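Asker: My file is query_18.cif. It has mmCIF, C-alpha atoms and all ligand atoms:
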```cif
data_data
loop_
_atom_site.group_PDB
_atom_site.id
_atom_site.type_symbol
_atom_site.label_atom_id
_atom_site.label_comp_id
_atom_site.auth_asym_id
_atom_site.auth_seq_id
_atom_site.Cartn_x
_atom_site.Cartn_y
_atom_site.Cartn_z
ATOM 1 C CA MET H 203 -22.963 0.769 -8.468
ATOM 2 C CA HIS H 204 -22.792 -0.954 -5.089
ATOM 3 C CA PHE H 205 -20.346 0.041 -2.357
ATOM 4 C CA HIS H 206 -20.791 -1.239 1.182
ATOM 5 C CA GLY H 207 -17.520 0.105 2.555
ATOM 6 C CA PRO H 208 -14.973 2.809 1.775
ATOM 7 C CA VAL H 209 -13.357 3.048 -1.640
ATOM 8 C CA VAL H 210 -9.645 3.048 -0.834
ATOM 9 C CA ARG H 211 -7.106 3.068 -3.660
ATOM 10 C CA PRO H 212 -3.717 4.596 -4.395
ATOM 11 C CA GLN H 213 -3.795 8.159 -5.720
ATOM 12 C CA THR H 214 -2.385 6.874 -8.996
ATOM 13 C CA ASP H 215 -5.529 4.783 -9.569
ATOM 14 C CA ALA H 216 -8.062 7.541 -8.979
ATOM 15 C CA ARG H 217 -9.265 7.470 -12.600
ATOM 16 C CA SER H 218 -9.957 3.743 -12.674
ATOM 17 C CA LEU H 219 -13.409 2.214 -12.689
ATOM 18 C CA PHE H 220 -14.103 0.919 -9.157
ATOM 19 C CA ILE H 221 -15.846 -2.406 -8.782
ATOM 20 C CA GLU H 222 -16.546 -3.742 -5.290
ATOM 21 C CA VAL H 223 -15.072 -7.236 -5.018
ATOM 22 C CA THR H 224 -14.714 -7.493 -1.235
ATOM 23 C CA VAL H 225 -15.866 -5.382 1.692
ATOM 24 C CA GLY H 226 -13.442 -4.694 4.550
ATOM 25 C CA CYS H 227 -10.057 -6.288 5.150
ATOM 26 C CA SER H 228 -9.608 -9.956 6.057
ATOM 27 C CA HIS H 229 -6.857 -9.019 8.556
ATOM 28 C CA ASN H 230 -8.307 -5.768 9.919
ATOM 29 C CA SER H 231 -5.942 -5.684 12.871
ATOM 30 C CA CYS H 232 -2.886 -3.647 11.960
ATOM 31 C CA ARG H 233 -2.259 -1.329 14.908
ATOM 32 C CA PHE H 234 -2.267 1.899 12.914
ATOM 33 C CA CYS H 235 -5.151 1.214 10.534
ATOM 34 C CA ASN H 236 -8.795 2.234 10.874
ATOM 35 C CA PHE H 237 -9.775 2.106 7.207
ATOM 36 C CA TYR H 238 -12.194 -0.771 7.587
ATOM 37 C CA HIS H 239 -13.291 -0.608 11.219
ATOM 38 C CA GLY H 240 -17.003 -1.331 11.262
ATOM 39 C CA TYR H 241 -16.941 -3.210 7.944
ATOM 40 C CA PRO H 242 -16.723 -6.946 8.593
ATOM 41 C CA PHE H 243 -14.895 -8.733 5.821
ATOM 42 C CA ARG H 244 -16.938 -10.438 3.101
ATOM 43 C CA ALA H 245 -16.808 -11.125 -0.597
ATOM 44 C CA ALA H 246 -19.248 -9.258 -2.826
ATOM 45 C CA PRO H 247 -21.831 -11.579 -4.432
ATOM 46 C CA MET H 248 -21.104 -12.404 -8.069
ATOM 47 C CA SER H 249 -24.581 -11.147 -8.995
ATOM 48 C CA GLN H 250 -23.725 -7.726 -7.560
ATOM 49 C CA ILE H 251 -20.386 -7.629 -9.377
ATOM 50 C CA GLU H 252 -22.077 -8.518 -12.649
ATOM 51 C CA ALA H 253 -24.807 -5.883 -12.154
ATOM 52 C CA ASP H 254 -22.114 -3.239 -11.546
ATOM 53 C CA LEU H 255 -20.160 -4.351 -14.602
ATOM 54 C CA LYS H 256 -23.284 -4.134 -16.769
ATOM 55 C CA GLU H 257 -24.021 -0.634 -15.489
ATOM 56 C CA ALA H 258 -20.400 0.441 -15.971
ATOM 57 C CA LYS H 259 -20.356 -0.980 -19.492
ATOM 58 C CA ARG H 260 -23.315 1.244 -20.358
ATOM 59 C CA LYS H 261 -21.906 4.352 -18.708
ATOM 60 C CA TYR H 262 -18.159 3.979 -19.274
ATOM 61 C CA PRO H 263 -17.699 1.667 -22.279
ATOM 62 C CA ARG H 264 -14.136 2.857 -22.881
ATOM 63 C CA THR H 265 -12.816 1.801 -19.489
ATOM 64 C CA VAL H 266 -9.223 0.573 -19.669
ATOM 65 C CA ARG H 267 -8.347 0.378 -15.975
ATOM 66 C CA ILE H 268 -10.385 -1.334 -13.287
ATOM 67 C CA TRP H 269 -9.730 -1.147 -9.559
ATOM 68 C CA ALA H 270 -11.091 -4.251 -7.810
ATOM 69 C CA ASN H 271 -12.171 -2.559 -4.591
ATOM 70 C CA GLY H 272 -11.794 -3.837 -1.045
ATOM 71 C CA GLY H 273 -9.069 -4.018 1.614
ATOM 72 C CA ASN H 274 -7.459 -7.071 0.041
ATOM 73 C CA PRO H 275 -9.524 -8.848 -2.632
ATOM 74 C CA TYR H 276 -6.474 -10.966 -3.454
ATOM 75 C CA CYS H 277 -7.139 -12.936 -0.249
ATOM 76 C CA LEU H 278 -10.004 -14.737 -1.982
ATOM 77 C CA SER H 279 -9.416 -18.307 -3.074
ATOM 78 C CA PRO H 280 -7.762 -18.643 -6.494
ATOM 79 C CA GLN H 281 -10.930 -20.230 -7.883
ATOM 80 C CA LYS H 282 -13.209 -17.461 -6.635
ATOM 81 C CA LEU H 283 -10.835 -14.713 -7.738
ATOM 82 C CA ALA H 284 -10.399 -16.268 -11.184
ATOM 83 C CA SER H 285 -14.198 -16.289 -11.583
ATOM 84 C CA VAL H 286 -14.266 -12.582 -10.703
ATOM 85 C CA GLY H 287 -11.467 -11.876 -13.175
ATOM 86 C CA ARG H 288 -13.222 -13.774 -15.957
ATOM 87 C CA LEU H 289 -16.478 -11.937 -15.245
ATOM 88 C CA ILE H 290 -14.719 -8.566 -15.452
ATOM 89 C CA ARG H 291 -13.042 -9.653 -18.683
ATOM 90 C CA LYS H 292 -16.415 -10.646 -20.135
ATOM 91 C CA TYR H 293 -17.512 -6.982 -19.988
ATOM 92 C CA PHE H 294 -14.127 -5.289 -20.374
ATOM 93 C CA PRO H 295 -11.892 -7.703 -22.295
ATOM 94 C CA ARG H 296 -8.934 -5.347 -22.580
ATOM 95 C CA ALA H 297 -9.035 -3.602 -19.195
ATOM 96 C CA LYS H 298 -6.157 -3.946 -16.753
ATOM 97 C CA ILE H 299 -7.354 -5.106 -13.318
ATOM 98 C CA SER H 300 -5.493 -3.797 -10.291
ATOM 99 C CA THR H 301 -6.156 -4.496 -6.628
ATOM 100 C CA TYR H 302 -4.752 -4.554 -3.101
ATOM 101 C CA ALA H 303 -3.098 -7.683 -1.763
ATOM 102 C CA ARG H 304 -1.575 -8.445 1.594
ATOM 103 C CA VAL H 305 1.816 -10.144 1.663
ATOM 104 C CA ASP H 306 0.278 -13.341 3.047
ATOM 105 C CA ASP H 307 -2.469 -13.331 0.392
ATOM 106 C CA VAL H 308 0.384 -13.879 -2.049
ATOM 107 C CA THR H 309 2.531 -16.277 -0.010
ATOM 108 C CA ARG H 310 -0.489 -18.569 0.538
ATOM 109 C CA LYS H 311 -0.832 -19.025 -3.227
ATOM 110 C CA SER H 312 1.426 -21.115 -5.448
ATOM 111 C CA VAL H 313 3.243 -19.616 -8.432
ATOM 112 C CA GLU H 314 0.919 -21.623 -10.706
ATOM 113 C CA GLN H 315 -2.154 -20.163 -9.007
ATOM 114 C CA ILE H 316 -0.743 -16.634 -9.274
ATOM 115 C CA ARG H 317 -0.046 -17.228 -12.971
ATOM 116 C CA MET H 318 -3.586 -18.563 -13.455
ATOM 117 C CA LEU H 319 -4.943 -15.402 -11.784
ATOM 118 C CA LYS H 320 -2.808 -13.257 -14.039
ATOM 119 C CA ASN H 321 -4.363 -14.974 -17.056
ATOM 120 C CA ALA H 322 -7.782 -14.305 -15.531
ATOM 121 C CA GLY H 323 -6.934 -10.576 -15.418
ATOM 122 C CA PHE H 324 -5.253 -9.954 -12.044
ATOM 123 C CA SER H 325 -1.953 -8.737 -13.423
ATOM 124 C CA ASP H 326 -1.204 -5.740 -11.194
ATOM 125 C CA LEU H 327 -1.120 -5.829 -7.383
ATOM 126 C CA VAL H 328 -0.563 -3.116 -4.810
ATOM 127 C CA ILE H 329 0.930 -4.429 -1.564
ATOM 128 C CA GLY H 330 1.251 -2.475 1.678
ATOM 129 C CA MET H 331 4.559 -3.962 2.752
ATOM 130 C CA GLU H 332 4.876 -0.925 5.087
ATOM 131 C CA CYS H 333 8.552 -1.609 5.863
ATOM 132 C CA GLY H 334 11.172 -4.332 6.055
ATOM 133 C CA ASP H 335 11.888 -4.071 9.781
ATOM 134 C CA ASP H 336 10.745 -7.195 11.628
ATOM 135 C CA ASP H 337 10.390 -5.451 15.008
ATOM 136 C CA ALA H 338 8.152 -2.766 13.521
ATOM 137 C CA LEU H 339 6.122 -5.297 11.526
ATOM 138 C CA ARG H 340 5.605 -7.393 14.666
ATOM 139 C CA PHE H 341 4.645 -4.433 16.855
ATOM 140 C CA MET H 342 2.203 -3.195 14.219
ATOM 141 C CA ASN H 343 0.657 -6.665 14.036
ATOM 142 C CA LYS H 344 1.115 -6.895 10.278
ATOM 143 C CA GLY H 345 1.041 -10.699 10.407
ATOM 144 C CA TYR H 346 4.174 -11.283 8.321
ATOM 145 C CA CYS H 347 7.901 -10.597 8.440
ATOM 146 C CA ALA H 348 10.546 -9.292 6.048
ATOM 147 C CA ALA H 349 11.313 -12.793 4.747
ATOM 148 C CA ASP H 350 7.634 -13.172 3.789
ATOM 149 C CA ILE H 351 7.775 -9.932 1.801
ATOM 150 C CA ILE H 352 10.733 -11.281 -0.154
ATOM 151 C CA SER H 353 8.966 -14.591 -0.715
ATOM 152 C CA ALA H 354 5.808 -12.853 -1.965
ATOM 153 C CA GLY H 355 7.741 -10.602 -4.341
ATOM 154 C CA LYS H 356 9.727 -13.488 -5.781
ATOM 155 C CA LYS H 357 6.579 -15.525 -6.386
ATOM 156 C CA LEU H 358 4.960 -12.638 -8.235
ATOM 157 C CA GLU H 359 8.074 -12.116 -10.322
ATOM 158 C CA GLU H 360 8.248 -15.795 -11.197
ATOM 159 C CA ALA H 361 4.598 -15.683 -12.266
ATOM 160 C CA GLY H 362 5.173 -12.506 -14.298
ATOM 161 C CA VAL H 363 2.802 -10.337 -12.248
ATOM 162 C CA ARG H 364 3.562 -6.635 -11.900
ATOM 163 C CA TYR H 365 3.369 -5.294 -8.375
ATOM 164 C CA ARG H 366 3.728 -2.050 -6.516
ATOM 165 C CA MET H 367 4.689 -1.628 -2.869
ATOM 166 C CA ILE H 368 3.666 0.911 -0.234
ATOM 167 C CA TYR H 369 6.237 2.112 2.289
ATOM 168 C CA LEU H 370 4.933 3.591 5.527
ATOM 169 C CA GLY H 371 7.668 5.623 7.201
ATOM 170 C CA GLY H 372 7.670 6.244 10.936
ATOM 171 C CA LEU H 373 6.360 2.773 11.828
ATOM 172 C CA ALA H 374 9.490 1.907 13.788
ATOM 173 C CA GLY H 375 8.947 4.894 16.102
ATOM 174 C CA ALA H 376 11.226 7.736 17.163
ATOM 175 C CA GLY H 377 14.923 7.008 16.943
ATOM 176 C CA ASN H 378 14.524 3.987 14.668
ATOM 177 C CA GLY H 379 13.673 5.529 11.310
ATOM 178 C CA GLU H 380 17.058 5.270 9.604
ATOM 179 C CA ALA H 381 17.609 1.656 10.662
ATOM 180 C CA CYS H 382 14.109 0.825 9.415
ATOM 181 C CA ALA H 383 14.843 2.461 6.058
ATOM 182 C CA ARG H 384 18.070 0.483 5.680
ATOM 183 C CA ARG H 385 16.331 -2.809 6.500
ATOM 184 C CA THR H 386 13.603 -1.984 4.025
ATOM 185 C CA ALA H 387 16.147 -1.233 1.317
ATOM 186 C CA GLU H 388 17.776 -4.622 2.004
ATOM 187 C CA VAL H 389 14.411 -6.251 1.298
ATOM 188 C CA LEU H 390 13.599 -4.178 -1.765
ATOM 189 C CA ASN H 391 17.064 -4.674 -3.217
ATOM 190 C CA GLN H 392 16.168 -8.343 -3.615
ATOM 191 C CA LEU H 393 12.950 -7.534 -5.461
ATOM 192 C CA HIS H 394 11.667 -5.662 -8.507
ATOM 193 C CA PRO H 395 8.391 -3.888 -7.761
ATOM 194 C CA THR H 396 7.542 -1.390 -10.472
ATOM 195 C CA LEU H 397 6.570 1.401 -8.102
ATOM 196 C CA LEU H 398 7.097 2.348 -4.469
ATOM 197 C CA TYR H 399 4.675 4.718 -2.746
ATOM 198 C CA LEU H 400 6.382 6.739 -0.032
ATOM 199 C CA ASN H 401 4.086 7.522 2.890
ATOM 200 C CA THR H 402 4.507 8.182 6.590
ATOM 201 C CA VAL H 403 2.247 6.956 9.342
ATOM 202 C CA SER H 404 -0.537 8.996 10.923
ATOM 203 C CA VAL H 405 -1.629 8.021 14.424
ATOM 204 C CA LEU H 406 -5.397 8.095 14.155
ATOM 205 C CA PRO H 407 -8.113 8.038 16.847
ATOM 206 C CA GLY H 408 -9.745 4.656 17.229
ATOM 207 C CA THR H 409 -6.566 2.738 16.450
ATOM 208 C CA ARG H 410 -4.543 0.741 18.926
ATOM 209 C CA LEU H 411 -1.529 2.827 17.970
ATOM 210 C CA TYR H 412 -3.344 5.916 19.220
ATOM 211 C CA ASN H 413 -3.711 4.293 22.653
ATOM 212 C CA ASP H 414 -0.097 3.110 22.477
ATOM 213 C CA ARG H 415 1.059 6.662 21.954
ATOM 214 C CA ASP H 416 -1.059 7.904 24.871
ATOM 215 C CA ALA H 417 0.267 5.129 27.107
ATOM 216 C CA GLY H 418 3.885 5.770 26.100
ATOM 217 C CA ARG H 419 4.319 2.455 24.302
ATOM 218 C CA PHE H 420 4.943 4.194 20.972
ATOM 219 C CA THR H 421 6.821 7.446 20.468
ATOM 220 C CA GLU H 422 6.158 9.150 17.179
ATOM 221 C CA ALA H 423 9.067 10.235 15.040
ATOM 222 C CA GLY H 424 9.301 13.958 14.462
ATOM 223 C CA GLU H 425 9.299 15.756 11.135
ATOM 224 C CA ARG H 426 13.063 15.785 10.587
ATOM 225 C CA GLU H 427 13.391 12.105 11.378
ATOM 226 C CA ARG H 428 10.578 11.211 8.990
ATOM 227 C CA VAL H 429 12.243 13.111 6.173
ATOM 228 C CA GLN H 430 15.658 11.638 6.991
ATOM 229 C CA GLU H 431 14.149 8.141 6.942
ATOM 230 C CA LEU H 432 12.859 8.684 3.408
ATOM 231 C CA ILE H 433 16.195 10.171 2.315
ATOM 232 C CA THR H 434 17.994 7.074 3.609
ATOM 233 C CA LEU H 435 15.583 4.768 1.831
ATOM 234 C CA VAL H 436 15.884 6.603 -1.487
ATOM 235 C CA SER H 437 19.687 6.625 -1.136
ATOM 236 C CA GLU H 438 19.892 2.891 -0.468
ATOM 237 C CA LEU H 439 17.599 1.511 -3.169
ATOM 238 C CA LYS H 440 19.651 -0.230 -5.828
ATOM 239 C CA ASN H 441 17.187 -1.639 -8.376
ATOM 240 C CA PRO H 442 15.397 0.501 -10.968
ATOM 241 C CA ILE H 443 12.072 1.626 -9.529
ATOM 242 C CA ARG H 444 9.562 4.466 -9.829
ATOM 243 C CA LEU H 445 8.873 6.453 -6.649
ATOM 244 C CA PHE H 446 5.671 8.278 -5.847
ATOM 245 C CA ALA H 447 5.246 10.735 -2.981
ATOM 246 C CA ALA H 448 2.332 13.042 -2.208
ATOM 247 C CA LYS H 449 2.340 16.103 0.038
ATOM 248 C CA ASN H 450 -0.497 15.008 2.280
ATOM 249 C CA THR H 451 1.672 12.400 4.007
ATOM 250 C CA THR H 452 5.287 13.207 3.225
ATOM 251 C CA ARG H 453 5.637 16.972 2.516
ATOM 252 C CA PHE H 454 6.920 15.946 -0.912
ATOM 253 C CA SER H 455 5.237 15.642 -4.234
ATOM 254 C CA PHE H 456 7.119 13.719 -6.891
ATOM 255 C CA PHE H 457 6.956 10.905 -9.394
ATOM 256 C CA VAL H 458 10.532 9.966 -10.249
ATOM 257 C CA ASP H 459 12.522 7.074 -11.617
ATOM 258 C CA LEU H 460 15.561 5.588 -9.911
ATOM 259 C CA PRO H 461 18.412 5.489 -10.581
ATOM 260 C CA ARG H 462 17.994 8.252 -13.192
ATOM 261 C CA ASP H 463 16.476 10.897 -10.902
ATOM 262 C CA ARG H 464 18.160 9.928 -7.636
ATOM 263 C CA LYS H 465 20.550 12.888 -7.436
ATOM 264 C CA LYS H 466 17.864 15.403 -8.239
ATOM 265 C CA VAL H 467 15.271 14.030 -5.825
ATOM 266 C CA LEU H 468 17.769 13.596 -2.990
ATOM 267 C CA ALA H 469 18.980 17.176 -3.397
ATOM 268 C CA MET H 470 15.385 18.373 -3.144
ATOM 269 C CA MET H 471 14.690 16.215 -0.079
ATOM 270 C CA LYS H 472 17.849 17.355 1.691
ATOM 271 C CA LYS H 473 17.000 20.977 1.028
ATOM 272 C CA GLU H 474 13.574 20.379 2.558
ATOM 273 C CA LEU H 475 15.180 18.714 5.587
ATOM 274 C CA ALA H 476 17.552 21.639 6.122
ATOM 275 C CA GLY H 477 14.605 24.034 6.031
ATOM 276 C CA ILE H 478 12.665 22.434 8.904
ATOM 277 C CA THR H 479 12.854 24.776 11.885
ATOM 278 C CA ASP H 480 12.426 23.863 15.562
ATOM 279 C CA ARG H 481 9.205 25.840 15.556
ATOM 280 C CA GLU H 482 7.844 23.885 12.597
ATOM 281 C CA GLU H 483 8.890 20.621 14.220
ATOM 282 C CA MET H 484 6.843 21.603 17.287
ATOM 283 C CA GLU H 485 3.850 22.749 15.244
ATOM 284 C CA MET H 486 3.843 19.546 13.207
ATOM 285 C CA ARG H 487 3.915 17.491 16.391
ATOM 286 C CA ARG H 488 0.886 19.364 17.731
ATOM 287 C CA ARG H 489 -0.886 19.039 14.389
ATOM 288 C CA ARG H 490 -0.253 15.296 14.314
ATOM 289 C CA GLU H 491 -1.658 14.947 17.816
ATOM 290 C CA ARG H 492 -4.865 16.647 16.638
ATOM 291 C CA GLN H 493 -5.074 14.693 13.384
ATOM 292 C CA ARG H 494 -8.384 12.858 12.897
ATOM 293 C CA SER H 495 -7.965 11.309 9.452
ATOM 294 C CA VAL H 496 -5.317 10.722 6.774
HETATM 295 S S1 LIG N 1 -3.219 -1.832 6.895
HETATM 296 FE FE1 LIG N 1 -4.046 -3.073 5.233
HETATM 297 S S2 LIG N 1 -3.855 -5.182 5.988
HETATM 298 FE FE2 LIG N 1 -3.674 -3.854 7.759
HETATM 299 S S3 LIG N 1 -5.735 -3.714 8.599
HETATM 300 FE FE3 LIG N 1 -5.457 -1.965 7.219
HETATM 301 S S4 LIG N 1 -6.244 -2.634 5.247
HETATM 302 FE FE4 LIG N 1 -5.923 -4.472 6.498
#
```
Could I get this file's structure written as structure tokens?

Answerer:
Amino acid sequence: MHFHGPVVRPQTDARSLFIEVTVGCSHNSCRFCNFYHGYPFRAAPMSQIEADLKEAKRKYPRTVRIWANGGNPYCLSPQKLASVGRLIRKYFPRAKISTYARVDDVTRKSVEQIRMLKNAGFSDLVIGMECGDDDALRFMNKGYCAADIISAGKKLEEAGVRYRMIYLGGLAGAGNGEACARRTAEVLNQLHPTLLYLNTVSVLPGTRLYNDRDAGRFTEAGERERVQELITLVSELKNPIRLFAAKNTTRFSFFVDLPRDRKKVLAMMKKELAGITDREEMEMRRRRERQRSV
């Protein structure tokens, strides 16, 4: 199998078969992200993809889930991506293909093109919306705004494509977490993603955000504020959705369905919030300042 960059995927897709479709991220300039630094964006050659599929077919013939690897393979042209989808289907006719997409990878495509890609196998996208706060999105250089997120989600829904979103708490900086959560809920309440990953931002060496923090242009939210931000978001979401949180970024670990589990999960989150001491708040701040990777 060929991999020329990191394999990055949601925790929920860890058991998929990984096939490199692109290397790097076509945007590669979000302020907080260092995933693909040093990996210039390019599409994997079709010959490489086919060689990997042949090898995988021999080794893992029962594969039912495939993760098309790369920062955002969905940025490829509809024609190119459809060829990739058809090639994957040739070897694994029944496998579900999932991949990362940026918001603007979706908005650039028409509903017809998205539907055509669904028929070629790309029926499940994971989108790092991060949040629905325009100021935070602009500062983080995401390259789109809240209205674009809504437009992308509506296009996918019209085309019948399932999609999951990633929320990155703390992006709005100290003092702005609750407002950011409310704005995000306003966006998500107009959409129907199947799953929302709850994460919070890490300020990592080598990123512009790291320099921003050093220079005082960005003040990190503390532990209590991060938890409160997530509580506000979970409280404000109106449409049925599954929520996933993992301890490594949020101090929570859950997989719950809203609205059914809202009361239970909020009670647990509030209990956690009440248990954060001043000492822990200070320790977490120091730990975050020393953090080297996610
Ligand atoms: S956060 Fe996503 S879109 Fe932004 S640079 Fe990183 S991989 Fe690319």

Asker: Using only C-alpha atoms and all ligand atoms, which residues have at least one atom no more than 8 Å from ligand LIG 1 (chain N)? Output them as a list in words.

Answerer: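 The neighbouring residues of ligand LIG 1 (chain N) are, in order, Gly226, Cys227, Ser228, His229, Asn230, Ser231, Cys232, Arg233, Phe234, Cys235, Asn236, Phe237, Tyr238, Gly273, Asn274, Arg304, Gly330 and Lys344 of chain H.
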
Asker: Please identify every residue of region 348-371 of chain H that has at least one atom no farther than 12 Å from an atom of region 209-219 of chain H, counting all atoms listed in the file, and for each give the shortest atom pair and the distance in Å to one decimal, arranged by chain then increasing number, as CSV.

Answerer:
```
residue,atom,partner,partner_atom,distance
H:Arg366,CA,H:Pro212,CA,10.2
H:Met367,CA,H:Pro212,CA,10.6
H:Ile368,CA,H:Pro212,CA,9.2
```

Asker: Write out as a ChimeraX atom specification the residues lying within 6 Å of region 445-460 of chain H, counting all atoms listed in the file and excluding same-chain residues fewer than 4 positions away.

Answerer: /H:397-402,464

Asker: To one decimal in Å, tell me the separation between CA of Ser353 (chain H) and CA of Leu370 (chain H).

Answerer: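 That distance, rounded to one decimal, is 19.6 Å.
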
Asker: Counting only C-alpha atoms, figure out which residue out of H:Asn321, H:Tyr369, H:Ile299, H:Phe420 gets nearest to Phe341 (chain H).

Answerer: H:Phe420

Asker: Name the residues that the PyMOL selection byres (((chain H and resi 291) around 12) and not hetatm) pulls out of this structure, and write them as a ChimeraX atom specification.

Answerer: /H:252,255-256,259,265-268,284-290,292-299,320-324

Asker: So how many Å separate CA of Glu425 (chain H) and CA of Tyr302 (chain H), to one decimal?

Answerer: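 For CA of Glu425 (chain H) relative to CA of Tyr302 (chain H), the distance reads 28.5 Å.
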
Asker: Which distance in Å separates CA of Asp335 (chain H) and CA of Ala381 (chain H), to one decimal?

Answerer: 8.1 Å

Asker: I would like the residues chosen by the PyMOL selection byres (((chain H and resi 221) around 9) and not hetatm) on the shown file; could you give them as number ranges by chain?

Answerer: H: 203-205, 219-220, 222-223, 251, 254-255, 258, 268-272

Asker: Could you check which of H:Ala245, H:Ala374, H:Gly424, H:Leu435 is closest to Glu485 (chain H), using only C-alpha atoms?

Answerer: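 Nearest candidate to Glu485 (chain H) out of H:Ala245, H:Ala374, H:Gly424, H:Leu435: H:Gly424.
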
Asker: Could you model N, CA and C atoms for region 314-334 of chain H and present them as a PDB file, in the coordinates of the input?

Answerer:
```pdb
ATOM      1  N   GLU H 314       1.865 -21.219  -9.644  1.00  0.00           N
ATOM      2  CA  GLU H 314       0.919 -21.623 -10.706  1.00  0.00           C
ATOM      3  C   GLU H 314      -0.423 -20.917 -10.515  1.00  0.00           C
ATOM      4  N   GLN H 315      -0.872 -20.841  -9.265  1.00  0.00           N
ATOM      5  CA  GLN H 315      -2.154 -20.163  -9.007  1.00  0.00           C
ATOM      6  C   GLN H 315      -2.055 -18.662  -9.341  1.00  0.00           C
ATOM      7  N   ILE H 316      -0.923 -18.076  -8.990  1.00  0.00           N
ATOM      8  CA  ILE H 316      -0.743 -16.634  -9.274  1.00  0.00           C
ATOM      9  C   ILE H 316      -0.728 -16.405 -10.790  1.00  0.00           C
ATOM     10  N   ARG H 317      -0.097 -17.329 -11.498  1.00  0.00           N
ATOM     11  CA  ARG H 317      -0.046 -17.228 -12.971  1.00  0.00           C
ATOM     12  C   ARG H 317      -1.463 -17.396 -13.556  1.00  0.00           C
ATOM     13  N   MET H 318      -2.204 -18.332 -12.994  1.00  0.00           N
ATOM     14  CA  MET H 318      -3.586 -18.563 -13.455  1.00  0.00           C
ATOM     15  C   MET H 318      -4.421 -17.290 -13.222  1.00  0.00           C
ATOM     16  N   LEU H 319      -4.203 -16.636 -12.082  1.00  0.00           N
ATOM     17  CA  LEU H 319      -4.943 -15.402 -11.784  1.00  0.00           C
ATOM     18  C   LEU H 319      -4.524 -14.266 -12.705  1.00  0.00           C
ATOM     19  N   LYS H 320      -3.275 -14.269 -13.075  1.00  0.00           N
ATOM     20  CA  LYS H 320      -2.808 -13.257 -14.039  1.00  0.00           C
ATOM     21  C   LYS H 320      -3.550 -13.450 -15.370  1.00  0.00           C
ATOM     22  N   ASN H 321      -3.665 -14.695 -15.796  1.00  0.00           N
ATOM     23  CA  ASN H 321      -4.363 -14.974 -17.056  1.00  0.00           C
ATOM     24  C   ASN H 321      -5.846 -14.640 -16.963  1.00  0.00           C
ATOM     25  N   ALA H 322      -6.371 -14.673 -15.721  1.00  0.00           N
ATOM     26  CA  ALA H 322      -7.782 -14.305 -15.531  1.00  0.00           C
ATOM     27  C   ALA H 322      -7.942 -12.795 -15.391  1.00  0.00           C
ATOM     28  N   GLY H 323      -6.836 -12.039 -15.429  1.00  0.00           N
ATOM     29  CA  GLY H 323      -6.934 -10.576 -15.418  1.00  0.00           C
ATOM     30  C   GLY H 323      -6.208  -9.880 -14.283  1.00  0.00           C
ATOM     31  N   PHE H 324      -5.897 -10.600 -13.193  1.00  0.00           N
ATOM     32  CA  PHE H 324      -5.253  -9.954 -12.044  1.00  0.00           C
ATOM     33  C   PHE H 324      -3.742  -9.882 -12.259  1.00  0.00           C
ATOM     34  N   SER H 325      -3.351  -8.828 -12.990  1.00  0.00           N
ATOM     35  CA  SER H 325      -1.953  -8.737 -13.423  1.00  0.00           C
ATOM     36  C   SER H 325      -1.203  -7.591 -12.761  1.00  0.00           C
ATOM     37  N   ASP H 326      -1.834  -6.914 -11.806  1.00  0.00           N
ATOM     38  CA  ASP H 326      -1.204  -5.740 -11.194  1.00  0.00           C
ATOM     39  C   ASP H 326      -1.665  -5.635  -9.742  1.00  0.00           C
ATOM     40  N   LEU H 327      -0.751  -5.859  -8.799  1.00  0.00           N
ATOM     41  CA  LEU H 327      -1.120  -5.829  -7.383  1.00  0.00           C
ATOM     42  C   LEU H 327      -0.447  -4.671  -6.662  1.00  0.00           C
ATOM     43  N   VAL H 328      -1.139  -4.160  -5.670  1.00  0.00           N
ATOM     44  CA  VAL H 328      -0.563  -3.116  -4.810  1.00  0.00           C
ATOM     45  C   VAL H 328      -0.494  -3.698  -3.394  1.00  0.00           C
ATOM     46  N   ILE H 329       0.710  -3.745  -2.845  1.00  0.00           N
ATOM     47  CA  ILE H 329       0.930  -4.429  -1.564  1.00  0.00           C
ATOM     48  C   ILE H 329       1.468  -3.438  -0.529  1.00  0.00           C
ATOM     49  N   GLY H 330       0.764  -3.324   0.584  1.00  0.00           N
ATOM     50  CA  GLY H 330       1.251  -2.475   1.678  1.00  0.00           C
ATOM     51  C   GLY H 330       2.269  -3.239   2.489  1.00  0.00           C
ATOM     52  N   MET H 331       3.504  -3.273   1.989  1.00  0.00           N
ATOM     53  CA  MET H 331       4.559  -3.962   2.752  1.00  0.00           C
ATOM     54  C   MET H 331       4.819  -3.209   4.052  1.00  0.00           C
ATOM     55  N   GLU H 332       4.647  -1.898   4.010  1.00  0.00           N
ATOM     56  CA  GLU H 332       4.876  -0.925   5.087  1.00  0.00           C
ATOM     57  C   GLU H 332       6.369  -0.703   5.340  1.00  0.00           C
ATOM     58  N   CYS H 333       7.105  -1.773   5.682  1.00  0.00           N
ATOM     59  CA  CYS H 333       8.552  -1.609   5.863  1.00  0.00           C
ATOM     60  C   CYS H 333       9.172  -3.002   5.913  1.00  0.00           C
ATOM     61  N   GLY H 334      10.489  -3.035   6.011  1.00  0.00           N
ATOM     62  CA  GLY H 334      11.172  -4.332   6.055  1.00  0.00           C
ATOM     63  C   GLY H 334      11.809  -4.608   7.409  1.00  0.00           C
TER      64      GLY H 334
END
```
